[in-house]
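K.L.:
Next comes the structure file start_33.cif, holding mmCIF, C-alpha atoms and all ligand atoms.
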data_model
loop_
_atom_site.label_atom_id
_atom_site.label_comp_id
_atom_site.auth_asym_id
_atom_site.auth_seq_id
_atom_site.Cartn_x
_atom_site.Cartn_y
_atom_site.Cartn_z
CA MET A 7 0.00 0.00 0.00
CA VAL A 8 0.97 3.60 -0.45
CA LYS A 9 0.85 6.17 2.35
CA ALA A 10 1.56 9.84 1.83
CA VAL A 11 3.06 12.11 4.49
CA VAL A 12 2.24 15.69 3.59
CA GLY A 13 1.89 19.11 5.21
CA ALA A 14 -1.35 21.04 5.79
CA ASN A 15 0.30 24.40 6.42
CA TRP A 16 3.24 26.40 5.05
CA GLY A 17 5.81 23.63 5.49
CA ASP A 18 8.05 22.85 8.48
CA GLU A 19 5.21 20.98 10.16
CA GLY A 20 7.51 18.11 11.14
CA LYS A 21 6.94 15.82 8.14
CA GLY A 22 10.55 14.63 8.37
CA LYS A 23 10.06 13.35 11.90
CA ILE A 24 6.78 11.62 11.02
CA THR A 25 8.29 10.04 7.88
CA ASP A 26 11.38 8.86 9.77
CA MET A 27 9.03 7.33 12.35
CA LEU A 28 6.66 5.66 9.84
CA ALA A 29 9.62 4.43 7.76
CA GLU A 30 10.33 1.85 10.43
CA ASN A 31 7.41 -0.13 9.00
CA ALA A 32 7.85 0.81 5.35
CA ASP A 33 9.95 -0.63 2.54
CA ILE A 34 10.31 2.29 0.17
CA ILE A 35 10.28 6.04 0.76
CA VAL A 36 9.81 8.35 -2.20
CA ARG A 37 10.35 12.08 -2.57
CA PHE A 38 7.86 13.14 -5.24
CA GLN A 39 8.20 16.93 -5.66
CA GLY A 40 10.30 19.95 -4.73
CA GLY A 41 14.02 20.15 -4.47
CA ALA A 42 16.75 21.15 -2.08
CA ASN A 43 14.93 24.41 -1.29
CA ALA A 44 13.38 23.23 1.94
CA GLY A 45 14.63 20.88 4.56
CA HIS A 46 13.48 18.29 7.01
CA THR A 47 15.18 18.17 10.38
CA ILE A 48 15.40 14.72 11.84
CA VAL A 49 16.53 13.77 15.31
CA ASN A 50 17.16 10.05 15.83
CA ASP A 51 19.65 7.58 17.28
CA TYR A 52 22.38 8.74 14.87
CA GLY A 53 22.05 12.42 15.79
CA ARG A 54 20.45 15.50 14.25
CA PHE A 55 20.31 15.78 10.46
CA ALA A 56 18.98 18.34 8.00
CA LEU A 57 17.87 16.59 4.81
CA HIS A 58 17.00 18.53 1.68
CA THR A 59 16.77 16.02 -1.14
CA LEU A 60 17.06 12.59 0.45
CA PRO A 61 13.82 11.07 1.71
CA SER A 62 13.56 10.96 5.49
CA GLY A 63 13.63 7.14 5.47
CA VAL A 64 17.37 6.90 4.73
CA PHE A 65 18.26 6.06 8.30
CA TYR A 66 17.15 2.43 8.18
CA ASN A 67 18.91 -0.57 6.68
CA HIS A 68 15.75 -2.12 5.34
CA THR A 69 14.46 0.81 3.26
CA THR A 70 15.07 1.97 -0.29
CA SER A 71 15.11 5.73 -0.80
CA VAL A 72 13.76 6.97 -4.09
CA ILE A 73 14.07 10.31 -5.85
CA GLY A 74 10.91 10.42 -7.95
CA ASN A 75 10.41 12.00 -11.36
CA GLY A 76 8.61 15.00 -9.83
CA VAL A 77 11.68 16.15 -7.90
CA ALA A 78 14.01 19.00 -8.85
CA LEU A 79 17.22 17.01 -8.63
CA ASP A 80 20.31 18.97 -7.63
CA ILE A 81 22.97 16.33 -8.15
CA PRO A 82 25.93 17.89 -6.26
CA LYS A 83 23.65 18.70 -3.31
CA LEU A 84 22.30 15.14 -3.23
CA PHE A 85 25.81 13.73 -3.20
CA ASN A 86 26.92 16.08 -0.41
CA GLU A 87 23.94 15.01 1.60
CA ILE A 88 24.68 11.32 1.14
CA GLN A 89 28.27 11.99 2.25
CA GLN A 90 27.08 13.93 5.30
CA ILE A 91 24.88 11.16 6.60
CA ILE A 92 27.63 8.57 5.99
CA ASN A 93 30.04 10.81 7.92
CA GLY A 94 27.43 10.90 10.68
CA GLY A 95 27.70 7.12 11.04
CA VAL A 96 24.55 6.16 9.08
CA PRO A 97 24.99 3.02 6.92
CA LYS A 98 25.20 3.83 3.19
CA PRO A 99 21.58 4.04 2.05
CA LYS A 100 20.06 2.23 -0.93
CA ILE A 101 19.11 4.98 -3.36
CA LEU A 102 17.28 4.99 -6.67
CA ILE A 103 16.95 8.03 -8.92
CA SER A 104 14.16 8.12 -11.48
CA ASP A 105 15.35 8.17 -15.08
CA ARG A 106 12.55 10.70 -15.63
CA ALA A 107 13.61 13.11 -12.88
CA GLN A 108 14.91 16.43 -14.16
CA ILE A 109 18.12 18.15 -13.19
CA VAL A 110 18.65 21.49 -11.49
CA MET A 111 21.45 23.15 -13.45
CA PRO A 112 23.88 25.72 -12.00
CA TYR A 113 22.26 28.37 -14.21
CA HIS A 114 18.88 27.73 -12.57
CA VAL A 115 20.41 28.75 -9.27
CA LEU A 116 21.95 31.85 -10.88
CA PHE A 117 18.70 32.88 -12.55
CA ASP A 118 16.93 32.51 -9.21
CA GLU A 119 19.49 34.85 -7.57
CA TYR A 120 19.47 37.34 -10.45
CA GLU A 121 15.69 37.54 -10.50
CA GLU A 122 15.38 38.08 -6.74
CA GLU A 123 18.07 40.76 -7.03
CA ARG A 124 16.23 42.42 -9.90
CA LEU A 125 12.91 42.39 -8.01
CA GLY A 126 14.52 43.91 -4.91
CA LYS A 127 11.84 44.71 -2.34
CA ALA A 128 9.18 42.93 -4.40
CA SER A 129 11.09 39.63 -4.30
CA PHE A 130 9.44 36.32 -3.38
CA GLY A 131 11.85 35.49 -0.59
CA SER A 132 13.12 32.58 -2.66
CA THR A 133 15.68 30.28 -1.08
CA LYS A 134 17.64 30.81 -4.33
CA SER A 135 18.00 27.10 -4.93
CA GLY A 136 16.95 27.44 -8.56
CA ILE A 137 13.54 25.85 -8.08
CA ALA A 138 11.31 28.34 -9.94
CA PRO A 139 13.67 28.60 -12.97
CA PHE A 140 14.00 24.81 -12.93
CA TYR A 141 10.25 24.10 -13.05
CA SER A 142 9.73 26.90 -15.60
CA ASP A 143 12.24 25.17 -17.89
CA LYS A 144 10.68 21.77 -17.25
CA TYR A 145 7.32 22.99 -18.53
CA ALA A 146 8.95 25.04 -21.30
CA LYS A 147 10.43 21.68 -22.37
CA ILE A 148 14.03 22.76 -22.12
CA GLY A 149 14.84 20.81 -18.95
CA PHE A 150 17.23 17.87 -18.78
CA GLN A 151 15.76 14.52 -17.86
CA VAL A 152 18.17 12.12 -16.18
CA GLN A 153 17.89 9.64 -19.06
CA GLU A 154 19.02 12.32 -21.53
CA LEU A 155 22.41 12.48 -19.83
CA PHE A 156 23.24 9.23 -21.58
CA ASP A 157 22.69 10.60 -25.10
CA ASP A 158 25.26 13.13 -26.24
CA GLU A 159 23.36 14.05 -29.40
CA ILE A 160 20.33 15.13 -27.40
CA LEU A 161 22.51 16.99 -24.92
CA LYS A 162 24.39 18.93 -27.61
CA SER A 163 21.34 20.18 -29.42
CA LYS A 164 19.56 21.08 -26.21
CA VAL A 165 22.58 22.90 -24.81
CA ALA A 166 22.76 25.02 -27.98
CA ARG A 167 19.05 25.90 -27.72
CA ILE A 168 19.35 26.75 -24.06
CA CYS A 169 22.41 28.99 -24.49
CA GLU A 170 20.71 30.86 -27.31
CA LYS A 171 17.66 31.60 -25.17
CA LYS A 172 19.24 32.17 -21.77
CA ASN A 173 22.03 34.37 -23.05
CA VAL A 174 19.57 36.97 -24.33
CA LEU A 175 18.27 37.36 -20.81
CA LEU A 176 21.69 37.26 -19.23
CA GLU A 177 23.00 39.95 -21.54
CA HIS A 178 20.04 42.31 -21.76
CA LEU A 179 17.94 41.80 -18.63
CA TYR A 180 20.43 40.81 -15.95
CA HIS A 181 23.76 42.08 -17.36
CA LYS A 182 25.57 38.98 -16.16
CA PRO A 183 28.17 36.60 -17.64
CA LEU A 184 26.88 34.42 -20.50
CA LEU A 185 26.55 30.63 -20.55
CA LYS A 186 29.11 28.66 -22.55
CA GLU A 187 28.15 25.50 -24.42
CA ASP A 188 31.31 23.56 -23.63
CA GLU A 189 31.07 24.33 -19.91
CA LEU A 190 27.48 23.12 -19.80
CA MET A 191 28.44 19.91 -21.62
CA ASN A 192 31.20 19.30 -19.07
CA THR A 193 28.79 19.79 -16.20
CA LEU A 194 26.28 17.40 -17.76
CA HIS A 195 28.98 14.76 -18.24
CA GLU A 196 30.03 15.08 -14.60
CA TYR A 197 26.42 14.70 -13.52
CA ARG A 198 25.99 11.65 -15.77
CA ASP A 199 28.93 9.90 -14.13
CA MET A 200 27.68 10.74 -10.65
CA VAL A 201 24.12 9.46 -11.07
CA ALA A 202 24.79 6.49 -13.37
CA PRO A 203 24.89 3.84 -10.59
CA TYR A 204 21.53 4.95 -9.18
CA VAL A 205 19.35 5.49 -12.24
CA ALA A 206 16.22 3.34 -12.39
CA ASP A 207 12.83 2.97 -14.01
CA VAL A 208 11.09 3.98 -10.79
CA SER A 209 7.46 3.47 -11.80
CA SER A 210 8.21 -0.16 -12.77
CA PHE A 211 10.09 -0.65 -9.52
CA LEU A 212 7.12 0.70 -7.54
CA ASP A 213 4.62 -1.33 -9.57
CA LYS A 214 6.52 -4.51 -8.74
CA ALA A 215 6.78 -3.48 -5.09
CA LEU A 216 3.01 -2.97 -4.90
CA LYS A 217 2.41 -6.41 -6.39
CA GLU A 218 4.65 -7.81 -3.63
CA ASN A 219 2.56 -5.99 -0.99
CA LYS A 220 5.38 -3.68 0.00
CA THR A 221 4.66 -0.46 1.89
CA ILE A 222 5.59 2.73 0.10
CA LEU A 223 5.74 6.16 1.78
CA LEU A 224 5.45 9.28 -0.32
CA GLU A 225 7.15 12.17 1.44
CA GLY A 226 5.92 15.66 0.61
CA GLN A 227 7.86 18.87 0.92
CA LEU A 228 6.30 22.14 2.17
CA GLY A 229 2.51 22.14 2.64
CA THR A 230 -0.90 22.87 1.11
CA LEU A 231 -0.58 26.64 1.40
CA LYS A 232 2.54 26.60 -0.79
CA ASP A 233 0.84 24.60 -3.55
CA PRO A 234 0.95 26.49 -6.88
CA ASP A 235 -2.77 25.88 -7.54
CA HIS A 236 -4.38 25.68 -4.13
CA GLY A 237 -1.97 27.77 -2.07
CA ILE A 238 -1.31 31.48 -1.61
CA TYR A 239 -0.33 32.11 -5.23
CA PRO A 240 2.01 33.73 -6.23
CA MET A 241 3.85 33.31 -2.91
CA VAL A 242 3.98 29.57 -3.44
CA THR A 243 6.49 26.96 -4.46
CA SER A 244 6.77 25.72 -8.04
CA SER A 245 5.61 22.11 -7.71
CA SER A 246 2.46 20.69 -6.22
CA THR A 247 2.69 19.92 -2.52
CA LEU A 248 -0.50 17.82 -2.47
CA ALA A 249 -0.76 14.09 -1.84
CA ALA A 250 -2.64 13.76 -5.13
CA TYR A 251 0.50 14.86 -6.94
CA GLY A 252 2.35 12.05 -5.20
CA ALA A 253 0.81 9.67 -7.72
CA ILE A 254 2.35 11.63 -10.58
CA GLY A 255 5.63 12.64 -8.99
CA ALA A 256 6.39 9.07 -7.93
CA GLY A 257 4.60 7.20 -10.72
CA VAL A 258 1.95 5.17 -8.87
CA PRO A 259 -1.79 4.85 -9.58
CA PRO A 260 -3.79 7.42 -7.56
CA TYR A 261 -6.07 4.73 -6.10
CA GLU A 262 -3.09 3.04 -4.44
CA ILE A 263 -2.71 5.96 -2.00
CA LYS A 264 -4.74 4.55 0.89
CA GLN A 265 -3.59 6.76 3.70
CA VAL A 266 -2.85 10.48 3.68
CA VAL A 267 -1.09 11.38 6.91
CA THR A 268 -1.45 15.13 7.02
CA VAL A 269 0.97 16.86 9.35
CA VAL A 270 -0.44 19.85 11.20
CA LYS A 271 1.67 21.91 13.55
CA ALA A 272 0.27 23.10 16.91
CA TYR A 273 1.09 26.73 16.04
CA SER A 274 1.94 28.43 12.73
CA SER A 275 5.26 29.17 11.07
CA ALA A 276 6.19 30.22 7.57
CA VAL A 277 9.24 31.19 5.58
CA GLY A 278 9.26 33.66 2.74
CA ALA A 279 6.81 36.39 1.86
CA GLY A 280 3.01 36.16 1.61
CA ALA A 281 -0.16 36.70 3.63
CA PHE A 282 -0.01 35.08 7.06
CA VAL A 283 -3.18 35.99 8.93
CA SER A 284 -2.36 34.70 12.42
CA GLU A 285 1.21 36.03 12.41
CA ILE A 286 2.56 37.51 15.64
CA PHE A 287 5.41 39.98 16.09
CA ASP A 288 7.96 41.43 18.48
CA ASP A 289 8.58 39.85 21.92
CA GLU A 290 5.62 37.48 21.69
CA ALA A 291 6.98 36.14 18.39
CA ASP A 292 10.60 36.04 19.55
CA GLU A 293 9.62 33.88 22.49
CA LEU A 294 7.70 31.37 20.35
CA ARG A 295 10.43 31.38 17.68
CA LYS A 296 13.12 30.68 20.25
CA ARG A 297 11.16 27.82 21.81
CA GLY A 298 9.83 26.38 18.54
CA GLY A 299 10.82 23.16 16.74
CA ASP A 300 13.73 21.32 18.31
CA LYS A 301 16.18 24.25 18.18
CA GLY A 302 14.05 27.29 17.48
CA GLU A 303 12.19 28.21 14.29
CA PHE A 304 15.04 28.80 11.85
CA GLY A 305 15.01 27.42 8.29
CA ALA A 306 16.73 24.03 7.83
CA THR A 307 18.06 25.16 4.43
CA THR A 308 18.70 28.87 4.88
CA GLY A 309 18.97 29.37 8.67
CA ARG A 310 16.56 32.29 8.23
CA PRO A 311 14.28 33.08 11.19
CA ARG A 312 10.83 31.74 10.38
CA ARG A 313 7.74 33.92 10.75
CA VAL A 314 5.53 32.56 13.53
CA GLY A 315 1.92 32.86 14.61
CA TRP A 316 -0.93 31.20 16.48
CA PHE A 317 -2.64 28.08 15.24
CA ASP A 318 -4.85 28.90 12.26
CA CYS A 319 -7.97 26.73 12.13
CA VAL A 320 -9.14 28.26 8.84
CA ALA A 321 -5.89 27.59 6.97
CA SER A 322 -5.35 24.17 8.58
CA LYS A 323 -8.89 22.93 7.89
CA TYR A 324 -8.45 23.90 4.25
CA GLY A 325 -4.94 22.43 4.29
CA CYS A 326 -6.28 19.06 5.46
CA ARG A 327 -9.20 19.10 3.04
CA MET A 328 -7.00 19.74 0.00
CA GLN A 329 -4.64 16.97 1.05
CA GLY A 330 -7.54 14.57 1.56
CA ALA A 331 -6.37 13.81 5.09
CA THR A 332 -7.22 10.36 6.41
CA ASP A 333 -5.12 10.97 9.54
CA VAL A 334 -3.82 14.12 11.14
CA ALA A 335 -0.47 14.06 12.90
CA PHE A 336 -0.53 17.04 15.29
CA THR A 337 3.06 18.08 15.97
CA VAL A 338 5.29 20.26 18.12
CA LEU A 339 2.61 20.52 20.78
CA ASP A 340 5.17 20.40 23.62
CA VAL A 341 6.47 23.83 22.60
CA LEU A 342 3.25 25.54 23.76
CA GLY A 343 3.68 24.41 27.38
CA TYR A 344 5.02 27.81 28.48
CA LEU A 345 1.86 29.79 27.73
CA ASP A 346 -0.77 30.78 30.31
CA GLU A 347 -3.33 31.21 27.56
CA ILE A 348 -3.14 30.11 23.95
CA PRO A 349 -4.82 32.19 21.26
CA VAL A 350 -6.16 30.27 18.26
CA CYS A 351 -7.35 31.81 15.00
CA VAL A 352 -10.91 30.52 14.42
CA GLY A 353 -12.04 32.78 11.59
CA TYR A 354 -11.00 35.48 9.16
CA GLU A 355 -12.67 38.84 9.09
CA ILE A 356 -12.70 40.13 5.53
CA ASP A 357 -14.45 43.44 4.70
CA GLY A 358 -16.46 43.21 7.92
CA GLU A 359 -17.59 39.62 7.41
CA VAL A 360 -16.29 36.59 9.26
CA THR A 361 -15.56 33.40 7.35
CA THR A 362 -14.07 30.03 8.21
CA GLU A 363 -13.40 29.18 4.54
CA PHE A 364 -9.89 29.86 3.28
CA PRO A 365 -10.13 32.57 0.61
CA VAL A 366 -8.22 33.36 -2.60
CA THR A 367 -5.08 35.43 -2.18
CA SER A 368 -6.52 38.85 -3.00
CA LYS A 369 -9.06 38.43 -0.19
CA LEU A 370 -6.56 36.77 2.11
CA GLU A 371 -4.41 39.92 2.04
CA LYS A 372 -7.32 41.77 3.71
CA ALA A 373 -8.13 39.12 6.31
CA LYS A 374 -7.83 39.88 10.02
CA PRO A 375 -7.70 37.02 12.50
CA VAL A 376 -10.64 36.27 14.76
CA LEU A 377 -8.99 34.86 17.87
CA LYS A 378 -10.32 32.62 20.60
CA THR A 379 -8.23 32.03 23.70
CA LEU A 380 -7.83 28.60 25.25
CA PRO A 381 -6.25 27.97 28.65
CA GLY A 382 -2.66 26.73 28.64
CA TRP A 383 -1.44 23.65 30.53
CA LYS A 384 1.73 25.23 31.89
CA CYS A 385 3.93 22.14 32.02
CA ASP A 386 6.29 20.01 29.99
CA ILE A 387 4.44 17.22 28.19
CA ARG A 388 7.54 15.56 26.73
CA GLY A 389 7.95 11.96 27.80
CA ILE A 390 4.20 11.32 28.05
CA LYS A 391 3.22 8.22 26.06
CA GLU A 392 -0.52 7.93 26.60
CA TYR A 393 -3.22 10.33 25.58
CA ASP A 394 -5.04 10.11 28.91
CA LYS A 395 -1.88 11.15 30.76
CA LEU A 396 -1.78 14.52 28.99
CA PRO A 397 -2.96 17.46 31.13
CA GLU A 398 -6.64 18.19 30.73
CA ASN A 399 -6.14 21.59 29.11
CA CYS A 400 -3.74 20.04 26.63
CA ARG A 401 -6.32 17.43 25.64
CA LYS A 402 -8.90 20.20 25.37
CA TYR A 403 -6.61 22.09 23.00
CA ILE A 404 -6.19 18.99 20.81
CA GLU A 405 -9.91 18.22 20.84
CA PHE A 406 -10.82 21.82 20.05
CA VAL A 407 -8.47 21.81 17.07
CA GLU A 408 -9.76 18.44 15.91
CA GLU A 409 -13.32 19.70 15.95
CA GLN A 410 -12.37 22.82 14.00
CA LEU A 411 -10.43 20.78 11.42
CA GLY A 412 -13.09 18.14 10.93
CA PHE A 413 -10.39 15.48 10.44
CA PRO A 414 -9.23 12.92 13.04
CA ILE A 415 -6.03 13.63 14.95
CA THR A 416 -4.66 10.10 15.30
CA MET A 417 -1.10 11.03 16.33
CA VAL A 418 0.19 13.71 18.66
CA SER A 419 3.90 14.50 18.53
CA ASN A 420 5.33 15.80 21.80
CA GLY A 421 9.03 16.01 20.96
CA PRO A 422 11.38 15.83 17.96
CA GLY A 423 12.55 12.26 18.60
CA ARG A 424 11.35 9.16 16.77
CA ASP A 425 9.57 7.74 19.81
CA GLU A 426 7.98 10.95 20.99
CA ILE A 427 4.53 10.17 19.68
CA ILE A 428 1.15 9.50 21.24
CA TYR A 429 -1.30 7.40 19.22
CA ARG A 430 -4.99 7.93 19.75
P1 LIG B 1 9.40 19.35 7.80
O1 LIG B 1 9.97 20.10 6.66
O2 LIG B 1 7.90 19.32 7.76
O3 LIG B 1 10.00 18.02 7.96
O4 LIG B 1 9.71 20.18 9.12
P2 LIG B 1 11.13 20.73 9.63
O5 LIG B 1 12.05 19.63 9.86
O6 LIG B 1 11.58 21.85 8.80
O7 LIG B 1 10.66 21.43 11.00
C1 LIG B 1 10.16 20.76 12.05
C2 LIG B 1 11.05 21.00 13.26
O8 LIG B 1 10.38 20.62 14.40
C3 LIG B 1 12.34 20.19 13.24
O9 LIG B 1 13.35 20.92 13.86
C4 LIG B 1 11.96 18.96 14.06
O10 LIG B 1 13.08 18.35 14.70
C5 LIG B 1 11.04 19.55 15.06
N1 LIG B 1 9.98 18.70 15.55
C6 LIG B 1 9.19 17.81 14.88
N2 LIG B 1 8.24 17.33 15.69
C7 LIG B 1 8.42 17.93 16.89
C8 LIG B 1 7.72 17.87 18.15
O11 LIG B 1 6.71 17.18 18.31
N3 LIG B 1 8.20 18.66 19.15
C9 LIG B 1 9.28 19.46 19.01
N4 LIG B 1 9.68 20.19 20.05
N5 LIG B 1 9.95 19.55 17.85
C10 LIG B 1 9.51 18.80 16.80
#
Output the file's structure in the form of structure tokens.
Ligand code: GDP

P.N.:
Amino acid sequence: MVKAVVGANWGDEGKGKITDMLAENADIIVRFQGGANAGHTIVNDYGRFALHTLPSGVFYNHTTSVIGNGVALDIPKLFNEIQQIINGGVPKPKILISDRAQIVMPYHVLFDEYEEERLGKASFGSTKSGIAPFYSDKYAKIGFQVQELFDDEILKSKVARICEKKNVLLEHLYHKPLLKEDELMNTLHEYRDMVAPYVADVSSFLDKALKENKTILLEGQLGTLKDPDHGIYPMVTSSSTLAAYGAIGAGVPPYEIKQVVTVVKAYSSAVGAGAFVSEIFDDEADELRKRGGDKGEFGATTGRPRRVGWFDCVASKYGCRMQGATDVAFTVLDVLGYLDEIPVCVGYEIDGEVTTEFPVTSKLEKAKPVLKTLPGWKCDIRGIKEYDKLPENCRKYIEFVEEQLGFPITMVSNGPGRDEIIYR
């Protein structure tokens, strides 16, 4: 069977931890979208790791880690990451790279930087990993698929086309150094030699695995609100963050996805620009940011301070609905133990009217949070293993959120570690 682990919010919900945990009972873990632009922080027996491209199941001997066709594959970054985990004492993982995955080129990263520089104050807050230029090229049909690396004729003609097009922009829009055909060919040959041992027909591999009743996890990056169609466009990422896209980005039939574990964080955090209705500022925000996650709310890829806010029922309900949540994993709840009272955003006031339906971006920009305050539990809940042992106010918080979401919270995460989970 196939299970997806996806985010309901803006990313950084703790999908990495949940995937690492569920991978114990899985055979194959697939990354199906996104690239090295976001990260998952994982704390387990080997230590603390920030993964960007590798699936969060790489820490087990029994799993195969797959880079699906939907991923933006940055080959040098992937190889650095593999080296880092090996240096950290993790056994060399089994890795497969889809022959249909496309490659992030060094010029994608440059175009990302140049464009953010050009936009100045109006920039998107991109992580400058080349993701938007990469996906633009993929759909403009001038991307490089992994399988093309093994055909020099295809490479040569494509490189010529790409230089012709990109150099106009480099010269006239960005005033930056031009691309050279021979340098690009060299890079592509290096990449070919690096990936060659790992290239596979992933959809056939997964088809066979399904016939053998293996368990496959699809690991999403970011969350619903960063989806290019259903998120806060244009302040979104460039590939779909929804479980439904897992079928395409991995290459499995949609009806095989039986479980959609949707990760929802007990408060809000976001990186990059864009409307964020329940955002908080100043000392209140600094306190939550400092206490958040396992080492404060700072980006796993960029180290940037994340924006933080109270739990947003409107955004999270929508986030779960668009994912098609079968299970909600409610994470990072332990962090809220310091608060006397916990505000929760239960509605948006837009032009004098209150709604609980998540609006389109132009309306979202005008939304003001309608807050309800719940009592805090004022203690450390880490180490608790049973739901009934949680303080009453903590259970009330969970049950209130569950009712607002309309989806069952079946797991509560009360610490970054693999075992810090309470099943309901
Ligand atoms: P992802 O991209 O969704 O995997 O999320 P990130 O890894 O970027 O951010 C989640 C952060 O929260 C990481 O630093 C995790 O180690 C941490 N984390 C996950 N679950 C919990 C939890 O239940 N409690 C605490 N305190 N930290 C958690």

K.L.:
Report, in Å with one decimal, the straight-line distance from CA of Leu125 in chain A to CA of Thr243 in chain A.

P.N.:
17.1 Å

K.L.:
If you count only C-alpha atoms, which residues fall within 9 Å of range 59-70 of chain A, apart from same-chain ones fewer than 4 positions away, as number ranges by chain?

P.N.:
A: 21-30, 32-37, 40-48, 50, 52, 77-80, 83-84, 87-88, 91, 96-102, 223-225

K.L.:
Taking all atoms of range 361-369 of chain A that the file lists, what box with edges along x, y and z, padded by 4 Å per side, do you get, with centre and edge lengths in Å to one decimal, as AutoDock Vina command-line options?

P.N.:
--center_x -10.3 --center_y 34.0 --center_z 2.6 --size_x 18.5 --size_y 17.7 --size_z 19.2

K.L.:
Just how far from CA of Leu228 in chain A is CA of Arg124 in chain A, in Å to one decimal?

P.N.:
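Those two atoms sit 25.6 Å apart.
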
K.L.:
How many Å separate CA of Leu377 in chain A from CA of Gly353 in chain A?

P.N.:
7.3 Å

K.L.:
Could you list, as a ChimeraX atom specification, all protein and nucleic acid residues with an atom at most 6 Å from ligand LIG 1 (chain B), counting all atoms listed in the file?

P.N.:
/A:17-23,45-49,299-300,306,337-341,419-422

K.L.:
Counting all atoms listed in the file, which of A:Pro112, A:Pro240, A:Gly74, A:Pro381 gets nearest to Ser368 in chain A?

P.N.:
A:Pro240

K.L.:
When distances are computed from only C-alpha atoms, which of A:Asp51, A:Pro259, A:Leu380, A:Phe287 shows the smallest separation from Leu212 in chain A?

P.N.:
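Going through A:Asp51, A:Pro259, A:Leu380, A:Phe287 one by one, the smallest distance to Leu212 in chain A is for A:Pro259.
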
K.L.:
Sort by chain and increasing residue number a table of all residues of range 238-266 of chain A within 12 Å of range 128-135 of chain A, each with its closest pair of atoms and their distance in Å to one decimal, counting all atoms listed in the file, and write it as JSON lines.

P.N.:
{"residue": "A:Ile238", "atom": "CA", "partner": "A:Phe130", "partner_atom": "CA", "distance": 11.9}
{"residue": "A:Tyr239", "atom": "CA", "partner": "A:Phe130", "partner_atom": "CA", "distance": 10.8}
{"residue": "A:Pro240", "atom": "CA", "partner": "A:Phe130", "partner_atom": "CA", "distance": 8.4}
{"residue": "A:Met241", "atom": "CA", "partner": "A:Phe130", "partner_atom": "CA", "distance": 6.4}
{"residue": "A:Val242", "atom": "CA", "partner": "A:Phe130", "partner_atom": "CA", "distance": 8.7}
{"residue": "A:Thr243", "atom": "CA", "partner": "A:Ser132", "partner_atom": "CA", "distance": 8.9}
{"residue": "A:Ser244", "atom": "CA", "partner": "A:Ser132", "partner_atom": "CA", "distance": 10.8}

K.L.:
Measuring atom to atom with all atoms listed in the file, identify which of A:Gly226, A:Asp235, A:Gln329, A:Asp157 is nearest to His58 in chain A.

P.N.:
A:Gly226

K.L.:
Within 8 Å of (24.0, 33.8, -18.9), in the coordinates the file gives, what residues turn up when you count all atoms listed in the file, written out as a list in words?

P.N.:
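I get Tyr113, Cys169, Lys172, Asn173, Val174, Leu175, Leu176, Glu177, Lys182, Pro183, Leu184 and Leu185 of chain A for the residues within 8 Å of that point.
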
K.L.:
For a quick check of understanding, using all atoms listed in the file, which of A:Thr416, A:Ser210, A:Asn31, A:Gln89 has the smallest distance to Ala331 in chain A?

P.N.:
A:Thr416

K.L.:
At most 12 Å is the cut-off: for each residue in range 347-382 of chain A with any atom that close to an atom of range 397-405 of chain A, write down the nearest atom pair and the distance in Å rounded to one decimal, counting all atoms listed in the file, chain first then increasing number, as JSON lines.

P.N.:
{"residue": "A:Glu347", "atom": "CA", "partner": "A:Asn399", "partner_atom": "CA", "distance": 10.1}
{"residue": "A:Ile348", "atom": "CA", "partner": "A:Tyr403", "partner_atom": "CA", "distance": 8.8}
{"residue": "A:Pro349", "atom": "CA", "partner": "A:Tyr403", "partner_atom": "CA", "distance": 10.4}
{"residue": "A:Val350", "atom": "CA", "partner": "A:Tyr403", "partner_atom": "CA", "distance": 9.5}
{"residue": "A:Lys378", "atom": "CA", "partner": "A:Tyr403", "partner_atom": "CA", "distance": 11.4}
{"residue": "A:Thr379", "atom": "CA", "partner": "A:Tyr403", "partner_atom": "CA", "distance": 10.1}
{"residue": "A:Leu380", "atom": "CA", "partner": "A:Tyr403", "partner_atom": "CA", "distance": 7.0}
{"residue": "A:Pro381", "atom": "CA", "partner": "A:Asn399", "partner_atom": "CA", "distance": 6.4}
{"residue": "A:Gly382", "atom": "CA", "partner": "A:Asn399", "partner_atom": "CA", "distance": 6.2}

K.L.:
Between A:Leu342, A:Val258, A:Val277, A:Val360, single out the one closest to Ile387 in chain A, counting all atoms listed in the file.

P.N.:
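Checking each of A:Leu342, A:Val258, A:Val277, A:Val360 against Ile387 in chain A, counting all atoms listed in the file, the winner is A:Leu342.
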
K.L.:
Counting only C-alpha atoms, which residue out of A:Gly257, A:Gly13, A:Gly309, A:Gly302 sits closest to Phe38 in chain A?

P.N.:
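Answer, going by the shortest atom-to-atom distance: A:Gly257.
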